[in-house]
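Data from structure.cif: mmCIF, C-alpha atoms and all ligand atoms
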data_target
#
loop_
_atom_site.label_atom_id
_atom_site.label_comp_id
_atom_site.auth_asym_id
_atom_site.auth_seq_id
_atom_site.Cartn_x
_atom_site.Cartn_y
_atom_site.Cartn_z
CA MET A 26 2.35 11.90 -7.93
CA LEU A 27 4.67 8.97 -8.72
CA VAL A 28 2.78 5.79 -7.82
CA ALA A 29 4.05 2.19 -7.92
CA ILE A 30 1.48 -0.55 -8.48
CA GLY A 31 1.60 -4.32 -8.31
CA SER A 32 -0.67 -7.34 -7.99
CA ASP A 33 -0.78 -11.10 -8.17
CA HIS A 34 -3.08 -12.99 -10.56
CA ALA A 35 -6.09 -12.41 -8.26
CA GLY A 36 -5.64 -8.67 -8.61
CA PHE A 37 -4.43 -8.51 -12.18
CA GLU A 38 -7.65 -7.25 -13.81
CA MET A 39 -8.25 -4.72 -11.07
CA LYS A 40 -4.68 -3.50 -11.43
CA GLN A 41 -5.30 -2.69 -15.08
CA ASP A 42 -8.46 -0.72 -14.14
CA ILE A 43 -6.60 1.19 -11.45
CA LEU A 44 -3.70 1.91 -13.80
CA ASN A 45 -6.12 3.47 -16.28
CA LEU A 46 -7.65 5.57 -13.51
CA LEU A 47 -4.23 6.73 -12.30
CA LYS A 48 -3.32 7.83 -15.80
CA GLU A 49 -6.67 9.63 -16.22
CA LEU A 50 -5.98 11.47 -12.96
CA GLY A 51 -2.57 12.53 -14.28
CA HIS A 52 -0.36 10.41 -12.04
CA GLU A 53 2.88 8.85 -13.19
CA CYS A 54 2.89 5.07 -12.65
CA VAL A 55 5.48 2.35 -12.27
CA ASP A 56 3.82 -0.99 -12.98
CA PHE A 57 5.69 -3.84 -11.29
CA GLY A 58 3.34 -6.53 -12.67
CA THR A 59 2.06 -9.17 -12.75
CA ASP A 60 1.36 -8.85 -16.46
CA THR A 61 -0.89 -11.86 -17.06
CA PRO A 62 -3.72 -13.66 -15.21
CA GLN A 63 -1.44 -16.69 -14.69
CA SER A 64 -0.92 -17.83 -11.12
CA VAL A 65 2.01 -16.14 -9.37
CA ASP A 66 3.13 -15.57 -5.77
CA TYR A 67 1.96 -12.29 -4.23
CA PRO A 68 5.13 -11.76 -2.08
CA ASP A 69 7.22 -11.30 -5.25
CA PHE A 70 5.12 -8.35 -6.39
CA GLY A 71 4.46 -6.98 -2.94
CA GLU A 72 8.20 -6.83 -2.37
CA LYS A 73 8.87 -4.77 -5.50
CA VAL A 74 6.28 -2.09 -4.74
CA SER A 75 7.03 -1.97 -1.00
CA SER A 76 10.76 -1.69 -1.60
CA ALA A 77 10.23 1.26 -3.98
CA VAL A 78 8.11 3.05 -1.34
CA SER A 79 10.47 2.12 1.50
CA CYS A 80 13.50 3.58 -0.34
CA GLY A 81 11.65 6.73 -1.41
CA LYS A 82 11.88 5.91 -5.12
CA VAL A 83 8.12 6.51 -5.40
CA GLU A 84 5.78 8.54 -3.23
CA ARG A 85 2.97 5.99 -2.93
CA GLY A 86 2.21 2.36 -3.71
CA ILE A 87 -0.91 0.37 -4.52
CA LEU A 88 -1.10 -3.42 -4.10
CA ILE A 89 -3.84 -5.86 -5.01
CA CYS A 90 -4.21 -9.56 -4.24
CA GLY A 91 -7.30 -11.71 -3.63
CA THR A 92 -8.13 -10.48 -0.14
CA GLY A 93 -5.44 -7.84 0.27
CA ILE A 94 -4.24 -9.64 3.38
CA GLY A 95 -1.11 -11.28 1.95
CA MET A 96 0.04 -8.06 0.29
CA SER A 97 -0.53 -6.13 3.56
CA ILE A 98 1.59 -8.59 5.50
CA VAL A 99 4.42 -8.28 2.97
CA ALA A 100 4.27 -4.48 2.72
CA ASN A 101 4.34 -3.83 6.45
CA LYS A 102 7.63 -5.75 6.77
CA PHE A 103 9.39 -2.82 5.07
CA PRO A 104 10.84 0.13 6.99
CA ASN A 105 8.98 3.43 6.43
CA VAL A 106 6.00 1.62 4.92
CA ARG A 107 2.55 2.22 6.33
CA ALA A 108 0.33 -0.07 4.32
CA ALA A 109 -3.44 0.05 4.81
CA LEU A 110 -5.85 -2.64 3.66
CA CYS A 111 -8.98 -0.71 2.68
CA ASN A 112 -11.95 -2.46 1.16
CA GLU A 113 -14.33 0.43 1.87
CA LEU A 114 -14.18 4.21 1.63
CA PHE A 115 -14.11 5.13 5.32
CA SER A 116 -10.89 3.18 5.94
CA ALA A 117 -9.33 4.66 2.81
CA ARG A 118 -10.03 8.18 4.10
CA MET A 119 -8.92 7.49 7.64
CA SER A 120 -5.76 5.68 6.53
CA ARG A 121 -4.63 8.95 4.99
CA MET A 122 -5.96 11.40 7.62
CA HIS A 123 -4.73 9.54 10.70
CA ASN A 124 -2.08 7.07 9.51
CA ASP A 125 -0.49 8.85 6.55
CA ALA A 126 -0.63 5.48 4.76
CA ASN A 127 1.81 5.34 1.88
CA ILE A 128 0.65 2.01 0.46
CA LEU A 129 -2.99 1.21 -0.29
CA VAL A 130 -3.95 -2.45 -0.44
CA VAL A 131 -7.26 -3.70 -1.85
CA GLY A 132 -8.77 -7.15 -2.24
CA GLY A 133 -9.48 -7.95 -5.88
CA ARG A 134 -11.78 -10.81 -4.89
CA ILE A 135 -13.63 -8.78 -2.28
CA ILE A 136 -14.72 -5.54 -3.89
CA GLY A 137 -15.93 -4.54 -7.35
CA ARG A 138 -14.03 -2.38 -9.82
CA ASP A 139 -16.12 0.79 -9.26
CA LEU A 140 -15.63 0.68 -5.49
CA ALA A 141 -11.92 -0.03 -5.98
CA LYS A 142 -11.59 3.05 -8.19
CA ALA A 143 -13.51 5.20 -5.68
CA ILE A 144 -11.22 3.96 -2.89
CA VAL A 145 -8.10 4.79 -4.92
CA HIS A 146 -9.41 8.25 -5.76
CA THR A 147 -10.28 9.00 -2.12
CA TRP A 148 -6.96 7.63 -0.88
CA LEU A 149 -4.92 9.73 -3.33
CA THR A 150 -6.77 12.97 -2.62
CA THR A 151 -7.12 12.84 1.17
CA PRO A 152 -4.37 14.72 3.04
CA PHE A 153 -2.69 13.66 6.31
CA GLU A 154 -4.09 15.61 9.27
CA SER A 155 -0.74 15.69 11.12
CA GLY A 156 -1.04 17.22 14.66
CA ARG A 157 -1.60 14.51 17.28
CA HIS A 158 -1.34 11.84 14.58
CA LEU A 159 2.24 12.83 13.75
CA SER A 160 3.47 12.02 17.25
CA ARG A 161 1.80 8.60 16.97
CA LEU A 162 3.57 7.93 13.69
CA ARG A 163 6.85 8.96 15.34
CA LYS A 164 6.18 6.30 17.98
CA ILE A 165 5.74 3.73 15.21
CA SER A 166 9.10 4.77 13.72
CA ILE A 167 10.75 4.37 17.13
CA ILE A 168 9.28 0.86 17.45
CA GLU A 169 10.51 0.06 13.93
CA GLN A 170 14.03 1.20 14.80
CA LYS A 171 14.04 -0.78 18.06
CA VAL A 172 12.94 -3.93 16.23
CA LEU A 173 15.60 -3.46 13.52
CA LYS A 174 18.32 -2.88 16.15
CA ASN A 175 17.29 -5.99 18.10
CA LYS A 176 17.39 -8.06 14.93
CA SER A 177 20.97 -7.03 14.21
CA GLU A 178 22.04 -7.75 17.81
CA LYS A 179 20.31 -11.06 18.40
CA THR A 180 17.60 -13.30 17.04
CA CYS A 181 14.64 -14.37 19.20
CA SER A 182 15.50 -17.20 21.59
C1 LIG B 1 -4.15 -16.23 -4.25
O1 LIG B 1 -4.93 -17.35 -4.45
C2 LIG B 1 -4.48 -15.58 -2.90
O2 LIG B 1 -4.07 -16.40 -1.88
C3 LIG B 1 -3.84 -14.20 -2.81
O3 LIG B 1 -4.27 -13.43 -3.88
C4 LIG B 1 -4.15 -13.39 -1.58
O4 LIG B 1 -5.51 -13.31 -1.33
C5 LIG B 1 -3.37 -13.71 -0.38
O5 LIG B 1 -3.50 -13.10 0.68
#

Please lay out the structure from this file as structure tokens.
Ligand code: RB5
Amino acid sequence: MLVAIGSDHAGFEMKQDILNLLKELGHECVDFGTDTPQSVDYPDFGEKVSSAVSCGKVERGILICGTGIGMSIVANKFPNVRAALCNELFSARMSRMHNDANILVVGGRIIGRDLAKAIVHTWLTTPFESGRHLSRLRKISIIEQKVLKNKSEKTCS
């Protein structure tokens, strides 16, 4: 699988661990940084990974910041992105089975490296269940299109 990954400084060390795991598992990775533990702004890195997923340049994305919250907010601004903040295994599994999540977000300051790696492994290997969940995802796409159309016609008053 082609996987894009990105973090801010709070997720930098965890990103390196996850990159190693992805390579061990045989995935191809695009690392969008950050490349040092120096303080940076998470939206800059969230945007790069989310844009790559949104445009179909990569199949999946993984984002890490301190809590995972900021990166989730950024990622879910992008069309076609279904980003899931998962700091435990059950959510990681369900985000794939029910939501077909295409971006995984974890909190580098919330969970340890072993749990993070287990979450990534589960998330990459769990298939989407489709069926009734597909029609729910279609409803999300319809909402997304309605919101985009409204934005181009008028701004909120
Ligand atoms: C950085 O200090 C922190 O705010 C960021 O990593 C993230 O947790 C934001 O949601």

> Nearest to Leu46 in chain A: which of A:Leu27, A:Tyr67, A:Glu84, A:Ala141 is it, counting only C-alpha atoms?
Replying inline: A:Ala141

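With the cut-off set to 10 Å and all atoms listed in the file counted, the residues surrounding ligand LIG 1 (chain B) are Ser32, Asp33, His34, Ala35, Gly36, Phe37, Ser64, Val65, Asp66, Tyr67, Pro68, Ile89, Cys90, Gly91, Thr92, Gly93, Ile94, Gly95, Met96, Ser97, Ile98, Val99, Val131, Gly132, Gly133, Arg134 and Ile135 of chain A.
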
> So which residues touch Leu88 in chain A within 6 Å, counting only C-alpha atoms, skipping near sequence neighbours fewer than 5 positions away, as a ChimeraX atom specification?
Replying inline: /A:30-32,130

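The neighbours of Ser155 in chain A here are the residues that come within 10 Å of it, using all atoms listed in the file and leaving out any residue fewer than 6 positions away in the same chain; they are Arg121, Met122, His123, Asn124, Asp125, Arg161 and Leu162 of chain A.
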
>> Ranking A:Lys40, A:Lys142, A:Lys73, A:Arg85 by minimum distance to Asn112 in chain A and counting only C-alpha atoms, which one comes first?
In response: A:Lys142

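We find CA of Asp60 in chain A and CA of Val78 in chain A to be spaced 20.4 Å apart.
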
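Candidate residues A:Asn127, A:Ser76, A:Asn105, A:Ser120 were compared for distance to Ser166 in chain A, and the nearest is A:Asn105, using all atoms listed in the file.
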
> Do you know which residues are at most 7 Å from Ala29 in chain A counting all atoms listed in the file, after dropping those on the same chain fewer than 4 positions away, and could you put them as a PyMOL selection string?
Replying inline: chain A and resi 54-56+74+83+85-87

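Put simply, CA of Ala126 in chain A is 9.7 Å away from CA of Leu110 in chain A.
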
>> Calculated over all atoms listed in the file, which of the candidates A:Gln63, A:Gln170, A:Gln41, A:Ser116 has the smallest distance to Trp148 in chain A?
In response: A:Ser116

> If you count only C-alpha atoms, which residues fall within 7 Å of Ile144 in chain A, apart from same-chain ones fewer than 6 positions away, as a VMD selection string?
Replying inline: chain A and resid 113 to 114 117

Kindly export the residues of the current selection with C-alpha atoms, as a compact mmCIF listing (two decimals), keeping the file's coordinate frame.
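Dumped to result_2.txt:
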# COMPACT_ATOMS: atom_id res chain seq x y z
CA GLU A 113 -14.33 0.43 1.87
CA LEU A 114 -14.18 4.21 1.63
CA ALA A 117 -9.33 4.66 2.81

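Closest approach to Thr147 in chain A from the set A:Phe115, A:Ser160, A:Ile128, A:Glu169 is made by A:Phe115, with distances taken over only C-alpha atoms.
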
Taking all listed atoms of range 164-172 of chain A, build the axis-aligned box, pad each of the six sides by 3 Å, then write its centre and edge lengths in Å to one decimal as AutoDock Vina command-line options.
--center_x 9.9 --center_y 1.2 --center_z 15.9 --size_x 14.3 --size_y 16.2 --size_z 10.3

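Interatomic distance, CA of Leu140 in chain A to CA of His52 in chain A: 19.3 Å.
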